[in-house]
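Visitor: Enclosed is the structure file target35.cif (mmCIF, C-alpha atoms).
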```cif
data_start
loop_
_atom_site.label_atom_id
_atom_site.label_comp_id
_atom_site.auth_asym_id
_atom_site.auth_seq_id
_atom_site.Cartn_x
_atom_site.Cartn_y
_atom_site.Cartn_z
CA MET A 1 -120.39 72.53 -79.57
CA HIS A 2 -120.60 70.58 -76.37
CA MET A 3 -117.09 69.09 -76.94
CA LEU A 4 -115.66 72.55 -77.74
CA SER A 5 -117.03 74.00 -74.50
CA ARG A 6 -115.37 71.18 -72.57
CA ARG A 7 -111.99 71.82 -74.26
CA LEU A 8 -112.10 75.64 -73.99
CA PRO A 9 -110.51 75.88 -70.47
CA ILE A 10 -107.61 73.73 -71.65
CA VAL A 11 -107.06 75.96 -74.67
CA LEU A 12 -107.08 79.07 -72.48
CA VAL A 13 -104.48 77.55 -70.14
CA LEU A 14 -102.23 76.74 -73.09
CA LEU A 15 -102.55 80.28 -74.43
CA VAL A 16 -101.61 81.72 -71.02
CA LEU A 17 -98.56 79.46 -70.80
CA LEU A 18 -97.44 80.44 -74.30
CA ALA A 19 -97.75 84.11 -73.39
CA THR A 20 -95.39 83.63 -70.45
CA LEU A 21 -92.64 81.83 -72.37
CA PRO A 22 -90.58 84.97 -73.20
CA ALA A 23 -90.44 85.88 -69.51
CA LEU A 24 -89.41 82.38 -68.54
CA GLY A 25 -86.83 82.35 -71.28
CA SER A 26 -85.21 85.47 -69.81
CA GLN A 27 -84.18 83.39 -66.79
CA ALA A 28 -82.44 80.74 -68.88
CA PRO A 29 -78.62 80.37 -68.81
CA ALA A 30 -76.69 82.90 -70.84
CA PRO A 31 -75.50 81.89 -74.34
CA GLY A 32 -72.60 79.53 -74.31
CA GLY A 33 -73.62 78.04 -70.98
CA ALA A 34 -72.25 80.98 -68.90
CA GLN A 35 -73.66 81.17 -65.39
CA THR A 36 -75.27 84.41 -64.25
CA THR A 37 -74.94 83.64 -60.54
CA PRO A 38 -71.94 85.52 -59.07
CA ALA A 39 -69.09 83.39 -57.81
CA ALA A 40 -68.93 82.85 -54.07
CA ALA A 41 -66.31 84.82 -52.17
CA PRO A 42 -63.24 82.75 -51.26
CA ALA A 43 -63.28 81.27 -47.78
CA PRO A 44 -61.26 83.23 -45.19
CA PRO A 45 -58.02 81.62 -43.99
CA ARG A 46 -58.10 79.51 -40.86
CA PRO A 47 -55.30 78.53 -38.45
CA ASN A 48 -53.78 75.15 -39.17
CA PRO A 49 -53.56 73.04 -35.98
CA ARG A 50 -51.10 70.74 -37.78
CA GLY A 51 -48.76 73.58 -38.74
CA PRO A 52 -45.20 73.37 -37.35
CA LEU A 53 -45.54 76.72 -35.49
CA TYR A 54 -49.09 76.30 -34.26
CA HIS A 55 -49.35 77.81 -30.74
CA HIS A 56 -45.64 78.61 -30.84
CA LYS A 57 -44.34 81.37 -28.55
CA GLY A 58 -41.64 83.99 -29.08
CA GLU A 59 -40.63 85.74 -32.30
CA GLN A 60 -41.49 83.99 -35.53
CA TYR A 61 -42.27 84.42 -39.21
CA ARG A 62 -45.44 83.01 -40.66
CA VAL A 63 -46.81 82.59 -44.19
CA TYR A 64 -50.45 82.03 -45.10
CA SER A 65 -52.28 81.52 -48.37
CA PHE A 66 -54.14 84.65 -49.47
CA PRO A 67 -57.75 83.70 -50.34
CA GLY A 68 -58.60 83.92 -54.00
CA THR A 69 -55.00 84.04 -55.26
CA ASP A 70 -53.26 81.30 -53.21
CA GLU A 71 -50.21 83.54 -52.87
CA GLY A 72 -48.06 82.93 -49.81
CA LEU A 73 -48.00 86.17 -47.78
CA PRO A 74 -45.63 86.65 -44.84
CA TYR A 75 -46.25 88.25 -41.49
CA ARG A 76 -44.11 88.64 -38.41
CA LEU A 77 -45.45 87.53 -35.05
CA PHE A 78 -44.41 87.71 -31.42
CA VAL A 79 -46.20 85.79 -28.67
CA PRO A 80 -45.13 86.44 -25.04
CA SER A 81 -43.96 83.61 -22.81
CA ARG A 82 -46.92 83.99 -20.45
CA TRP A 83 -49.42 82.95 -23.13
CA THR A 84 -51.54 79.84 -22.58
CA PRO A 85 -54.53 78.61 -24.62
CA GLU A 86 -56.81 79.91 -21.85
CA THR A 87 -55.20 83.38 -21.68
CA LYS A 88 -56.92 86.15 -23.64
CA LEU A 89 -54.10 88.57 -24.38
CA PRO A 90 -54.29 91.94 -26.18
CA VAL A 91 -52.82 92.39 -29.66
CA LEU A 92 -50.69 95.18 -31.11
CA VAL A 93 -50.89 95.32 -34.92
CA THR A 94 -47.88 97.38 -36.00
CA LEU A 95 -47.89 98.12 -39.71
CA ARG A 96 -44.66 97.77 -41.64
CA ALA A 97 -42.28 100.57 -42.60
CA GLY A 98 -40.15 100.24 -45.73
CA THR A 99 -40.43 97.06 -47.77
CA THR A 100 -40.19 94.40 -45.08
CA VAL A 101 -42.18 93.11 -42.12
CA ASP A 102 -39.01 93.70 -40.07
CA GLY A 103 -39.47 97.47 -40.41
CA PRO A 104 -41.12 98.22 -37.05
CA TYR A 105 -38.57 96.14 -35.11
CA ARG A 106 -35.60 98.47 -34.86
CA ALA A 107 -32.90 99.42 -32.36
CA ASN A 108 -33.14 97.24 -29.25
CA ASN A 109 -36.37 95.58 -30.35
CA ASP A 110 -38.20 97.78 -27.86
CA LEU A 111 -41.72 96.85 -28.95
CA VAL A 112 -41.05 93.16 -28.36
CA THR A 113 -39.28 93.88 -25.06
CA GLN A 114 -42.30 95.83 -23.82
CA ALA A 115 -44.74 93.26 -25.22
CA GLU A 116 -43.02 90.46 -23.29
CA GLN A 117 -43.22 92.48 -20.09
CA ARG A 118 -46.80 93.63 -20.61
CA GLY A 119 -48.22 90.44 -22.10
CA TYR A 120 -49.05 91.59 -25.63
CA ILE A 121 -49.11 89.67 -28.89
CA VAL A 122 -47.45 91.75 -31.65
CA VAL A 123 -48.05 91.16 -35.33
CA THR A 124 -46.95 92.89 -38.54
CA PRO A 125 -48.85 92.14 -41.78
CA MET A 126 -47.15 92.80 -45.11
CA GLY A 127 -50.07 94.68 -46.66
CA TYR A 128 -50.23 92.33 -49.66
CA ARG A 129 -47.29 93.73 -51.66
CA PRO A 130 -43.81 94.74 -50.40
CA LEU A 131 -43.96 97.93 -52.45
CA ARG A 132 -42.56 101.17 -51.06
CA GLN A 133 -44.86 103.67 -49.36
CA PRO A 134 -46.99 101.16 -47.44
CA TYR A 135 -50.20 103.16 -47.09
CA TYR A 136 -52.30 100.00 -46.72
CA GLY A 137 -54.96 101.36 -49.06
CA SER A 138 -55.05 104.86 -47.55
CA SER A 139 -55.60 107.95 -49.67
CA TYR A 140 -54.51 110.38 -46.92
CA GLN A 141 -51.27 112.13 -47.84
CA ILE A 142 -48.57 112.69 -45.24
CA ALA A 143 -48.52 116.35 -44.19
CA ARG A 144 -45.11 117.60 -45.25
CA PRO A 145 -43.83 119.67 -48.17
CA ASN A 146 -43.44 117.63 -51.36
CA ALA A 147 -44.79 114.46 -49.78
CA PRO A 148 -45.52 111.70 -52.31
CA ALA A 149 -49.09 111.01 -53.28
CA ALA A 150 -50.63 108.40 -51.04
CA ALA A 151 -50.18 104.82 -52.25
CA ALA A 152 -48.21 105.92 -55.32
CA GLY A 153 -47.64 102.95 -57.63
CA TRP A 154 -50.39 100.80 -56.13
CA THR A 155 -53.38 99.61 -58.14
CA PRO A 156 -56.93 99.76 -56.70
CA GLU A 157 -56.89 95.97 -56.48
CA GLU A 158 -53.63 96.02 -54.51
CA ASN A 159 -55.02 98.68 -52.19
CA LEU A 160 -58.06 96.55 -51.43
CA ARG A 161 -55.96 93.43 -50.90
CA ALA A 162 -53.60 95.37 -48.63
CA GLU A 163 -56.58 96.02 -46.34
CA GLN A 164 -57.76 92.43 -46.61
CA ASP A 165 -54.29 91.15 -45.73
CA VAL A 166 -54.36 93.10 -42.46
CA LEU A 167 -57.81 91.77 -41.57
CA HIS A 168 -56.88 88.18 -42.49
CA VAL A 169 -53.75 88.28 -40.32
CA ILE A 170 -55.64 89.78 -37.37
CA ASP A 171 -58.26 87.05 -37.63
CA LEU A 172 -55.67 84.27 -37.97
CA VAL A 173 -53.75 85.41 -34.90
CA THR A 174 -56.87 86.13 -32.84
CA GLN A 175 -58.28 82.67 -33.55
CA GLU A 176 -55.08 80.71 -33.06
CA TYR A 177 -54.10 82.46 -29.83
CA ASN A 178 -57.56 83.10 -28.37
CA ALA A 179 -56.72 86.82 -28.22
CA ASP A 180 -59.01 89.42 -26.68
CA PRO A 181 -61.00 91.00 -29.57
CA SER A 182 -61.83 94.01 -27.39
CA ARG A 183 -58.12 94.88 -27.04
CA ILE A 184 -56.73 94.99 -30.56
CA HIS A 185 -54.56 98.07 -31.11
CA LEU A 186 -53.24 99.51 -34.36
CA HIS A 187 -49.95 101.36 -34.92
CA GLY A 188 -48.35 102.98 -37.95
CA GLN A 189 -45.19 104.97 -38.64
CA ASN A 190 -44.83 107.64 -41.37
CA PRO A 191 -46.80 106.34 -44.44
CA SER A 192 -48.10 103.34 -42.53
CA ALA A 193 -49.44 105.82 -39.95
CA SER A 194 -51.69 107.07 -42.74
CA GLY A 195 -52.61 103.43 -43.30
CA ALA A 196 -53.42 102.98 -39.61
CA LEU A 197 -55.73 106.01 -39.61
CA HIS A 198 -57.38 104.76 -42.80
CA LEU A 199 -58.00 101.28 -41.39
CA ALA A 200 -59.23 102.71 -38.07
CA ALA A 201 -61.86 104.80 -39.88
CA ARG A 202 -62.94 101.94 -42.17
CA TYR A 203 -63.13 99.29 -39.44
CA PRO A 204 -63.67 101.14 -36.13
CA GLU A 205 -65.40 98.13 -34.59
CA ARG A 206 -62.13 96.17 -34.74
CA PHE A 207 -59.77 98.42 -32.80
CA ALA A 208 -59.52 99.67 -29.23
CA SER A 209 -56.97 102.35 -30.12
CA VAL A 210 -54.80 103.69 -32.93
CA VAL A 211 -51.24 104.98 -32.44
CA VAL A 212 -49.73 107.34 -35.01
CA SER A 213 -45.99 107.99 -34.87
CA SER A 214 -44.18 110.59 -37.00
CA GLY A 215 -47.00 110.37 -39.53
CA PRO A 216 -49.29 113.41 -39.56
CA ILE A 217 -51.75 113.38 -42.45
CA VAL A 218 -53.56 116.05 -44.42
CA PHE A 219 -56.70 115.68 -42.33
CA ALA A 220 -59.20 118.10 -43.89
CA ALA A 221 -61.25 115.20 -45.30
CA TYR A 222 -60.53 112.68 -42.53
CA PRO A 223 -63.69 111.35 -40.78
CA PHE A 224 -62.69 111.75 -37.13
CA ASP A 225 -66.33 111.06 -36.23
CA ARG A 226 -65.71 107.42 -37.18
CA LEU A 227 -63.28 107.17 -34.24
CA LYS A 228 -65.29 109.21 -31.74
CA GLY A 229 -66.52 107.09 -28.85
CA LYS A 230 -65.04 103.93 -30.39
CA MET A 231 -61.29 104.11 -29.86
CA GLY A 232 -58.54 106.26 -28.42
CA LEU A 233 -55.91 108.02 -30.52
CA LEU A 234 -52.27 108.49 -29.48
CA VAL A 235 -50.14 110.81 -31.62
CA ILE A 236 -46.35 110.62 -31.12
CA HIS A 237 -43.68 112.83 -32.65
CA GLY A 238 -39.98 113.16 -31.86
CA ASP A 239 -38.49 116.62 -31.45
CA GLN A 240 -35.49 115.51 -33.54
CA ASP A 241 -37.58 114.47 -36.54
CA THR A 242 -36.10 116.17 -39.61
CA THR A 243 -38.44 114.43 -42.09
CA ASN A 244 -42.00 115.24 -41.04
CA PRO A 245 -42.97 118.46 -39.19
CA MET A 246 -43.89 118.00 -35.54
CA GLU A 247 -46.30 120.93 -35.79
CA ALA A 248 -48.40 118.94 -38.27
CA SER A 249 -48.81 116.12 -35.73
CA GLN A 250 -49.79 118.64 -33.06
CA LYS A 251 -52.41 120.20 -35.35
CA MET A 252 -53.80 116.79 -36.29
CA ALA A 253 -54.09 115.77 -32.64
CA ALA A 254 -55.82 119.05 -31.82
CA ALA A 255 -58.30 118.54 -34.67
CA ALA A 256 -59.08 115.02 -33.49
CA LYS A 257 -59.65 116.22 -29.93
CA ALA A 258 -61.88 119.05 -31.17
CA ALA A 259 -63.93 116.44 -33.06
CA GLY A 260 -64.53 114.56 -29.81
CA VAL A 261 -61.97 111.78 -30.22
CA ASN A 262 -60.24 110.63 -27.02
CA THR A 263 -56.80 111.93 -28.07
CA VAL A 264 -53.40 112.07 -26.39
CA TYR A 265 -50.44 113.86 -27.95
CA ALA A 266 -46.82 113.22 -26.87
CA THR A 267 -43.63 114.97 -27.95
CA VAL A 268 -40.72 112.56 -27.55
CA PRO A 269 -37.58 114.37 -26.35
CA GLY A 270 -34.63 113.26 -28.48
CA GLY A 271 -36.92 111.19 -30.68
CA THR A 272 -35.85 110.82 -34.30
CA HIS A 273 -38.11 110.23 -37.28
CA LEU A 274 -37.53 106.48 -37.35
CA GLU A 275 -37.24 105.69 -33.67
CA ALA A 276 -39.38 108.14 -31.68
CA TYR A 277 -42.05 105.49 -31.08
CA LEU A 278 -39.41 103.02 -29.90
CA THR A 279 -38.02 105.63 -27.51
CA TYR A 280 -41.60 106.09 -26.32
CA ALA A 281 -42.50 102.38 -26.35
CA ALA A 282 -43.34 102.25 -22.64
CA GLY A 283 -45.68 105.22 -23.07
CA MET A 284 -47.34 103.51 -26.03
CA PHE A 285 -48.13 100.45 -23.95
CA ASP A 286 -49.31 102.61 -21.03
CA PHE A 287 -51.78 104.24 -23.39
CA MET A 288 -52.94 100.96 -24.89
CA ASP A 289 -53.36 99.45 -21.43
CA SER A 290 -55.83 102.26 -20.67
CA GLN A 291 -57.97 101.55 -23.75
CA LYS A 292 -60.60 98.87 -24.18
CA LYS A 293 -63.64 98.51 -26.40
#
```
Would you mind writing the structure in this file as structure tokens?
Guide:
Amino acid sequence: MHMLSRRLPIVLVLLVLLATLPALGSQAPAPGGAQTTPAAAPAPPRPNPRGPLYHHKGEQYRVYSFPGTDEGLPYRLFVPSRWTPETKLPVLVTLRAGTTVDGPYRANNDLVTQAEQRGYIVVTPMGYRPLRQPYYGSSYQIARPNAPAAAAGWTPEENLRAEQDVLHVIDLVTQEYNADPSRIHLHGQNPSASGALHLAARYPERFASVVVSSGPIVFAAYPFDRLKGKMGLLVIHGDQDTTNPMEASQKMAAAAKAAGVNTVYATVPGGTHLEAYLTYAAGMFDFMDSQKK
């Protein structure tokens, strides 16, 4: 009896441990050795100081490896001659039009001409895939009769990666060229204008202003409050645009202003659908110069 009383605490401890085994077993690896811990997100891209164009000035094409897929994605870049490693210049992110990163650089290359004079870095991300209708993940339809559904032909994964591509390219350029993060401006034309508005609302902390040219959206569900007090909005439309209605841009600008967004609307005399923003390039840079986070 005496020996049993001495062993009783040990027996009780063993019984308690046995009772807990099912719970402990629930934390064991899944059958087949599968891990239950989610995989870590791929590391963001970083500038390569040994790259042949590192710190290069002027117009150039770049390719970087998209995290998680290792696909080489192109972007177009312009760095003005005044840049030095100690100079914190503003950045204009102009989204592509059509199927190429050359899309925003039309006519006399007015954006680059102005950027050289004003001291702006200009960059155009692809938006992951060179598919038509580059909405950059936006679901906001262009406001015109019979306009295609936003992002038609894109998968949800492609939409998300289109956004990520823009953010990766902004970060790459900002880091490599020591750009001013408080003066990053976003521009889109036609469907990419919808993309610019979408990205501005999703990431308002990243942009000092958004410029929309010839790209009014169906704005009933657009969250203008996401822009209010965080960035300015410039809406441009040419009076010779025969593709998208100028009145739709005017109504969108009025709605944004009524919602409290710092909004400027400009009709471009003689401006066509494709080139109104280039005709108005000096005005675009005047507006951006007036905006800062």
Visitor: Kindly list the centre and edge lengths in Å, rounded to one decimal, for the axis-aligned box that covers all listed atoms of range 86-100 of chain A plus 4 Å on each of its six sides, as lines of an AutoDock Vina configuration file.
Guide:
```
center_x = -48.5
center_y = 90.2
center_z = -34.7
size_x = 24.8
size_y = 28.7
size_z = 34.1
```
Visitor: With the file shown as input, list the residues that the PyMOL selection byres ((chain A and resi 63) around 6) selects, as a list in words.
Guide: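 Answer for the PyMOL selection byres ((chain A and resi 63) around 6): Arg62, Tyr64, Gly72, Leu73 and Pro74 of chain A.
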Visitor: Would you write out, as a ChimeraX atom specification, every residue that the PyMOL selection byres ((chain A and resi 127-129) around 10) captures in this file?
Guide: /A:66,71-75,95-96,99-101,124-126,130-132,134-137,154,158-167,169,192,195
Visitor: When you look at Gly215 in chain A with a cut-off of 6 Å (counting only C-alpha atoms), what residues show up, excluding the ones that are within fewer than 4 positions of it in the same chain? I need them as a list in words.
Guide: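 What passes the distance filter is Gln189, Asn190 and Ala193 of chain A.
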Visitor: Could you name the residues that touch Arg82 in chain A at 9 Å or less, counting only C-alpha atoms, but leaving out those on the same chain fewer than 4 positions away, as a list in words?
Guide: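 Near Arg82 in chain A, the qualifying residues are Lys57, Thr87, Glu116 and Gly119 of chain A.
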Visitor: Exactly which residues make up the result of the PyMOL selection byres ((chain A and resi 204) around 12) on this file, given as an MDAnalysis selection string?
Guide: chainID A and resid 182 184:186 196:203 205:210 223:233 293
Visitor: Between CA of Pro47 in chain A and CA of Tyr120 in chain A, measure the distance and give it in Å to one decimal.
Guide: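 Going from CA of Pro47 in chain A over to CA of Tyr120 in chain A covers 19.3 Å.
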Visitor: Using all atoms listed in the file, can you tell me which of A:Asp171, A:Glu275, A:Glu86, A:Asp180 comes closest to Tyr105 in chain A?
Guide: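 So, comparing all the options, the nearest one is A:Glu275.
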Visitor: With distances taken over all atoms listed in the file, which residue among A:Pro85, A:Pro90, A:Pro104, A:Pro269 lies nearest Met246 in chain A?
Guide: A:Pro269
